[in-house]
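Okay, structure first, notes after.
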Amino acid sequence: MAVLKDATAIAGIGQTPFAKQLPETERALACRAILAALDDAGIAPDEVDALASYTMEETDEVEVAKALGLGDLTFFSKVGYGGGGSCATVAHLAAAITSGQATVGVAWRSRKRGSGPRPWKNTTVQLPTPAQWTRPFGLLRPADEIAMLARRHMHEYGTTRDHLFNVALACRNRANQNPAAIMYDRPLTREMYMTSRWISEPLCLFDNCLETDGALACVLVSAERARDCRRTPVYVHSAAQGLPAQHHGMVNYWNDDPLTGPAWTAARHLWKHADLTPDDIDVAQIYDAFTALIPLSLEGYGFCARGEGGAFTEGGALEIGGRLPLNTSGGGLSEAYVHGFNLITEGVRQLRGTSTAQVPGAATCLVTAGEGVPTSALLLRN
C-alpha cells in the first residue's frame, strides 16, 4: 500500500444533470459523464485503457468502450455491495496504474433509480441465505435494516432525532448552495423534519436519501502525468476496502458488536497507510444514504470516540466553519443519490477550490462509501 501513496491523481470529473426522471438510457448517461470527465482532464477517449465500476452497474465495459471509441483495455473491474463500492472503483484503478497494468483509468456510475424499479421489489431474489434471517421478520428494505442500527445506537448512547436532524440539515444547507442539487431551492426546517412521515421508525422521510437519475465519472492517471493535465490534480493519498469478520449485511447479526461495522475495518487500513490522521482532515464526504450512517461513520473513522457520533453533530459541527464540514454538495440526502459517486467528485471540487460550498483552504478530504455493507474509502489531498 505504501507504493500507492500519492502515486496517482484524479485528473478529471464529469456528471450529467440530476433529476427524478431523465429521458436518456443509463448507457447514454454513462457516456455523457465519462466524456465530460475526459474533457475536464484534457484526455482523448482512445487513451483510456482501464475501467472500473460497480457490479450493480448495468452499463458494461464492452458497451462503454464501443460507444466512446476507447482504446484497447488492459484492466477492468467491478466492485460489489452497491454504495460500498464507490471509493473502491478509484482504488482499483490506482492499483492498476501504479502496478503498470494501465495508464488512464475511468470510474463511473450511471443510474436511473428515480424513474426505475427498486432492487428489493424483485421477489425472485428476495431470500439468499443471509436474507432468510431478516426479510421474513419485516426487514425488507435497506431503510428497515439501518433503522435497527439507529435504534440500537439511540438505546445504548442516547443519540436523538435532533442529532439525525443535524445531519439532514447540514446536507440540505449545502444543497441550497449548489444549483446542481435536486434540493437546491428547498430549505429544510426542524419543524418539517420532526413532523414528516415515518419511513422506518426512527427514520423519517428526511433521514432517507433521494431517488435520482444521473451519472458521474472520474479520470485517474499517474501523479506524474496529472501535473500536465488540464486541471489541478487531486492525489489519492490512501485507499482501503473493509469487510469485517462474520459480517452480515447492514444488520450485522453475527458480530459481537453490531455497531462496529465495515467502516472500522476500512479505517484501520486507511490510516495505517497514510501520513494523515483524522485531525488533519479539512472536509469530509461521508456516505449518507441514511442520516444514521453519519454518526456510525464518524466513530468508525476516528473523528470521535465510540458512542459519541450523535453528540459530535451538535453546535454546527458539520456546517461550513464547524469541526468537520460534511457533504458539501448536499450528498445523497440532498444533492443526488447515485451510490455515493457524487461524494468523490465533490471531494475533488473541494481540493480544487471550486465547490459551491467551498471550505477555505481545504487541502485534505476523506471520502467514504456505504457503511453497513462491505465498504471502501479514500484520502484525497491537493
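Every chain in the C-alpha cells has a letter given in the order shown (A, B, ...), and although residue numbers restart at 1 in each chain, ligands are simply numbered from 1 in the order shown.
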
Quick one: residues within 9 Å of Leu379 (chain A), only C-alpha atoms counted, chain neighbours fewer than 6 positions away excluded, as an NGL selection string? :A and (235-239 or 270-271 or 274 or 276 or 281 or 364-368)

Which of region 230-290 of chain A DSSP labels helix (DSSP H, G or I), written as an mmCIF file with N, CA, C and O atoms, in the first residue's frame:
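The result, stored in result-v9.cif:
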```
data_model
loop_
_atom_site.group_PDB
_atom_site.id
_atom_site.type_symbol
_atom_site.label_atom_id
_atom_site.label_comp_id
_atom_site.auth_asym_id
_atom_site.auth_seq_id
_atom_site.Cartn_x
_atom_site.Cartn_y
_atom_site.Cartn_z
ATOM 1 N N PRO A 262 -18.355 -2.142 8.930
ATOM 2 C CA PRO A 262 -17.230 -2.178 8.000
ATOM 3 C C PRO A 262 -16.354 -0.924 8.023
ATOM 4 O O PRO A 262 -15.177 -0.994 7.657
ATOM 5 N N ALA A 263 -16.909 0.225 8.409
ATOM 6 C CA ALA A 263 -16.098 1.443 8.475
ATOM 7 C C ALA A 263 -14.887 1.252 9.376
ATOM 8 O O ALA A 263 -13.799 1.764 9.084
ATOM 9 N N TRP A 264 -15.065 0.533 10.464
ATOM 10 C CA TRP A 264 -13.960 0.336 11.394
ATOM 11 C C TRP A 264 -12.817 -0.445 10.740
ATOM 12 O O TRP A 264 -11.646 -0.122 10.938
ATOM 13 N N THR A 265 -13.155 -1.455 9.964
ATOM 14 C CA THR A 265 -12.135 -2.252 9.286
ATOM 15 C C THR A 265 -11.441 -1.427 8.213
ATOM 16 O O THR A 265 -10.205 -1.427 8.110
ATOM 17 N N ALA A 266 -12.221 -0.724 7.394
ATOM 18 C CA ALA A 266 -11.628 0.104 6.346
ATOM 19 C C ALA A 266 -10.754 1.199 6.942
ATOM 20 O O ALA A 266 -9.667 1.497 6.422
ATOM 21 N N ALA A 267 -11.207 1.805 8.030
ATOM 22 C CA ALA A 267 -10.477 2.924 8.625
ATOM 23 C C ALA A 267 -9.100 2.505 9.124
ATOM 24 O O ALA A 267 -8.117 3.236 8.941
ATOM 25 N N ARG A 268 -9.022 1.352 9.768
ATOM 26 C CA ARG A 268 -7.715 0.901 10.276
ATOM 27 C C ARG A 268 -6.704 0.802 9.139
ATOM 28 O O ARG A 268 -5.543 1.215 9.277
ATOM 29 N N HIS A 269 -7.141 0.258 8.011
ATOM 30 C CA HIS A 269 -6.251 0.111 6.867
ATOM 31 C C HIS A 269 -5.950 1.457 6.225
ATOM 32 O O HIS A 269 -4.806 1.734 5.828
ATOM 33 N N LEU A 270 -6.957 2.303 6.138
ATOM 34 C CA LEU A 270 -6.790 3.610 5.502
ATOM 35 C C LEU A 270 -5.754 4.458 6.225
ATOM 36 O O LEU A 270 -4.831 5.008 5.607
ATOM 37 N N TRP A 271 -5.892 4.581 7.547
ATOM 38 C CA TRP A 271 -4.986 5.438 8.315
ATOM 39 C C TRP A 271 -3.602 4.810 8.453
ATOM 40 O O TRP A 271 -2.601 5.547 8.515
ATOM 41 N N LYS A 272 -3.530 3.486 8.451
ATOM 42 C CA LYS A 272 -2.236 2.805 8.597
ATOM 43 C C LYS A 272 -1.290 3.181 7.465
ATOM 44 O O LYS A 272 -0.072 3.262 7.659
ATOM 45 N N PRO A 278 -7.196 11.636 11.527
ATOM 46 C CA PRO A 278 -8.483 12.349 11.468
ATOM 47 C C PRO A 278 -8.375 13.835 11.784
ATOM 48 O O PRO A 278 -9.125 14.645 11.229
ATOM 49 N N ASP A 279 -7.453 14.204 12.634
ATOM 50 C CA ASP A 279 -7.292 15.622 12.977
ATOM 51 C C ASP A 279 -6.796 16.461 11.805
ATOM 52 O O ASP A 279 -6.900 17.696 11.836
ATOM 53 N N ASP A 280 -6.244 15.815 10.780
ATOM 54 C CA ASP A 280 -5.694 16.538 9.641
ATOM 55 C C ASP A 280 -6.706 16.744 8.519
ATOM 56 O O ASP A 280 -6.392 17.373 7.504
#
```

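We find CA of Pro360 (chain A) and CA of Asn327 (chain A) to be spaced 14.8 Å apart.
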
Distance of CA of Asp162 (chain A) from CA of Met194 (chain A), expressed in Å to one decimal place: 8.7 Å

Counting only C-alpha atoms, which residues in region 157-180 of chain A sit no more than 12 Å from region 332-346 of chain A? For each one, give the nearest pair of atoms and the distance in Å, sorted by chain then residue number, as JSON lines.
```
{"residue": "A:Leu164", "atom": "CA", "partner": "A:Leu333", "partner_atom": "CA", "distance": 11.8}
{"residue": "A:Phe165", "atom": "CA", "partner": "A:Leu333", "partner_atom": "CA", "distance": 11.5}
{"residue": "A:Val167", "atom": "CA", "partner": "A:Leu333", "partner_atom": "CA", "distance": 9.2}
{"residue": "A:Ala168", "atom": "CA", "partner": "A:Leu333", "partner_atom": "CA", "distance": 7.0}
{"residue": "A:Leu169", "atom": "CA", "partner": "A:Ser334", "partner_atom": "CA", "distance": 9.4}
{"residue": "A:Ala170", "atom": "CA", "partner": "A:Ser334", "partner_atom": "CA", "distance": 9.6}
{"residue": "A:Cys171", "atom": "CA", "partner": "A:Ser334", "partner_atom": "CA", "distance": 6.0}
{"residue": "A:Arg172", "atom": "CA", "partner": "A:Ser334", "partner_atom": "CA", "distance": 5.4}
{"residue": "A:Asn173", "atom": "CA", "partner": "A:Ser334", "partner_atom": "CA", "distance": 8.7}
{"residue": "A:Arg174", "atom": "CA", "partner": "A:Ser334", "partner_atom": "CA", "distance": 8.2}
{"residue": "A:Ala175", "atom": "CA", "partner": "A:Glu335", "partner_atom": "CA", "distance": 5.6}
{"residue": "A:Asn176", "atom": "CA", "partner": "A:Ser334", "partner_atom": "CA", "distance": 8.6}
{"residue": "A:Gln177", "atom": "CA", "partner": "A:Glu335", "partner_atom": "CA", "distance": 10.2}
{"residue": "A:Asn178", "atom": "CA", "partner": "A:Glu335", "partner_atom": "CA", "distance": 7.9}
{"residue": "A:Pro179", "atom": "CA", "partner": "A:Glu335", "partner_atom": "CA", "distance": 9.2}
{"residue": "A:Ala180", "atom": "CA", "partner": "A:Glu335", "partner_atom": "CA", "distance": 7.2}
```

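Within the 12 Å cut-off around Gly100 (chain A), using only C-alpha atoms and omitting residues fewer than 4 positions from it on the same chain, the listed residues are A:Leu4, A:Ala7, A:Thr8, A:Asp49, A:Ala50, A:Thr74, A:Phe75, A:Leu93, A:Ala94, A:Ala95, A:Ala96, A:Val104, A:Gly105, A:Val221, A:Ser222.
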
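Taking CA of Leu298 (chain A) and CA of Gly249 (chain A) as the two end points, the separation is 19.3 Å.
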
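With only C-alpha atoms as the atoms that count, the minimum distance from Ala311 (chain A) to the choices A:Gln285, A:Thr160, A:Gln241, A:Asn255 is reached by A:Thr160.
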
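Excluding Leu259 (chain A) and any residue on its chain fewer than 6 positions from it, the residues at most 9 Å away by only C-alpha atoms are Leu149, Arg152, His153, Val251, Asn252, Leu296 and Gly372 of chain A.
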
I'd like the neighbourhood of Ser355 (chain A) as a ChimeraX atom specification, where a residue qualifies if any of its atoms comes within 8 Å (using only C-alpha atoms), though same-chain residues fewer than 4 positions away should be ignored. /A:328-329,346,349-350

Please produce a file of the residues just selected, as an mmCIF file, in the first residue's frame, where the atoms kept are N, CA, C and O atoms.
```cif
data_model
loop_
_atom_site.group_PDB
_atom_site.id
_atom_site.type_symbol
_atom_site.label_atom_id
_atom_site.label_comp_id
_atom_site.auth_asym_id
_atom_site.auth_seq_id
_atom_site.Cartn_x
_atom_site.Cartn_y
_atom_site.Cartn_z
ATOM 1 N N THR A 328 -20.469 18.542 1.178
ATOM 2 C CA THR A 328 -20.611 19.948 0.835
ATOM 3 C C THR A 328 -21.346 20.207 -0.480
ATOM 4 O O THR A 328 -21.599 21.370 -0.817
ATOM 5 N N SER A 329 -21.689 19.163 -1.215
ATOM 6 C CA SER A 329 -22.569 19.353 -2.379
ATOM 7 C C SER A 329 -24.021 19.055 -2.033
ATOM 8 O O SER A 329 -24.917 19.294 -2.839
ATOM 9 N N GLU A 346 -17.308 15.606 -5.503
ATOM 10 C CA GLU A 346 -17.315 16.788 -4.649
ATOM 11 C C GLU A 346 -16.019 16.904 -3.863
ATOM 12 O O GLU A 346 -15.514 18.019 -3.632
ATOM 13 N N ARG A 349 -13.714 18.625 -6.191
ATOM 14 C CA ARG A 349 -14.001 20.058 -6.295
ATOM 15 C C ARG A 349 -13.506 20.817 -5.072
ATOM 16 O O ARG A 349 -12.980 21.935 -5.201
ATOM 17 N N GLN A 350 -13.680 20.259 -3.893
ATOM 18 C CA GLN A 350 -13.191 20.936 -2.691
ATOM 19 C C GLN A 350 -11.688 21.170 -2.758
ATOM 20 O O GLN A 350 -11.197 22.257 -2.408
#
```

Counting only C-alpha atoms, which residue out of A:Glu314, A:Asp228, A:Glu319, A:Asp275 sits closest to Ile43 (chain A)? A:Asp228

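The strand (DSSP E) portion of region 160-329 of chain A consists of Trp198, Ile199, Ser200, Leu203, Cys204, Asp213, Gly214, Ala215, Leu216, Ala217, Cys218, Val219, Leu220, Val221, Ser222, Val234, Tyr235, Val236, His237, Ser238, Ala239, Ala240, Gln241, Gly242, Val283, Ala284 and Gln285 of chain A, with states taken from DSSP on the backbone.
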
Excluding same-chain residues fewer than 5 positions from region 53-57 of chain A, what lies within 6 Å of it counting only C-alpha atoms, as a PyMOL selection string? chain A and resi 78-80+89+107-108

Now that the selection is made, can you save its residues with N, CA and C atoms as a PDB file, in the first residue's frame?
```pdb
ATOM      1  N   LYS A  78     -15.097  -4.657 -11.524  1.00  0.00           N
ATOM      2  CA  LYS A  78     -16.361  -4.223 -10.949  1.00  0.00           C
ATOM      3  C   LYS A  78     -16.358  -4.562  -9.463  1.00  0.00           C
ATOM      4  N   VAL A  79     -16.929  -3.656  -8.679  1.00  0.00           N
ATOM      5  CA  VAL A  79     -16.921  -3.801  -7.224  1.00  0.00           C
ATOM      6  C   VAL A  79     -18.345  -4.005  -6.729  1.00  0.00           C
ATOM      7  N   GLY A  80     -18.525  -4.927  -5.808  1.00  0.00           N
ATOM      8  CA  GLY A  80     -19.845  -5.261  -5.315  1.00  0.00           C
ATOM      9  C   GLY A  80     -20.328  -4.400  -4.167  1.00  0.00           C
ATOM     10  N   THR A  89     -13.768   1.699  -6.620  1.00  0.00           N
ATOM     11  CA  THR A  89     -13.521   1.806  -8.062  1.00  0.00           C
ATOM     12  C   THR A  89     -12.269   2.637  -8.324  1.00  0.00           C
ATOM     13  N   ALA A 107     -13.496   5.623 -13.854  1.00  0.00           N
ATOM     14  CA  ALA A 107     -14.503   5.008 -12.980  1.00  0.00           C
ATOM     15  C   ALA A 107     -15.805   5.770 -13.176  1.00  0.00           C
ATOM     16  N   TRP A 108     -16.929   5.064 -13.094  1.00  0.00           N
ATOM     17  CA  TRP A 108     -18.205   5.742 -13.322  1.00  0.00           C
ATOM     18  C   TRP A 108     -19.337   5.018 -12.606  1.00  0.00           C
TER      19      TRP A 108
END
```

Env of Gly71 (chain A): 8 Å cut, atoms = only C-alpha atoms, seq-sep filter 2 positions within chain, self excluded. Answer as a VMD selection string. chain A and resid 45 to 49 65 69 73

Can you write out the residues you just picked, keeping N, CA and C atoms, as a CSV table (one decimal), in the first residue's frame?
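Output file out.csv is given in full below:
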```csv
chain,number,residue,atom,x,y,z
A,45,PRO,N,-10.6,10.0,-25.6
A,45,PRO,CA,-11.1,8.7,-25.3
A,45,PRO,C,-10.3,7.5,-25.7
A,46,ASP,N,-9.6,7.6,-26.8
A,46,ASP,CA,-8.8,6.5,-27.2
A,46,ASP,C,-7.5,6.2,-26.4
A,47,GLU,N,-7.2,7.1,-25.4
A,47,GLU,CA,-6.1,6.9,-24.5
A,47,GLU,C,-6.5,6.1,-23.3
A,48,VAL,N,-7.8,5.9,-23.0
A,48,VAL,CA,-8.3,5.2,-21.9
A,48,VAL,C,-8.0,3.7,-22.1
A,49,ASP,N,-7.4,3.1,-21.1
A,49,ASP,CA,-7.1,1.6,-21.1
A,49,ASP,C,-7.5,0.9,-19.9
A,65,ALA,N,-17.0,1.0,-24.0
A,65,ALA,CA,-15.8,1.1,-24.9
A,65,ALA,C,-16.1,1.3,-26.3
A,69,GLY,N,-15.5,4.9,-28.2
A,69,GLY,CA,-14.3,4.8,-29.0
A,69,GLY,C,-13.0,4.7,-28.2
A,73,LEU,N,-8.4,-2.1,-23.9
A,73,LEU,CA,-8.5,-2.1,-22.4
A,73,LEU,C,-7.6,-3.2,-21.9
```
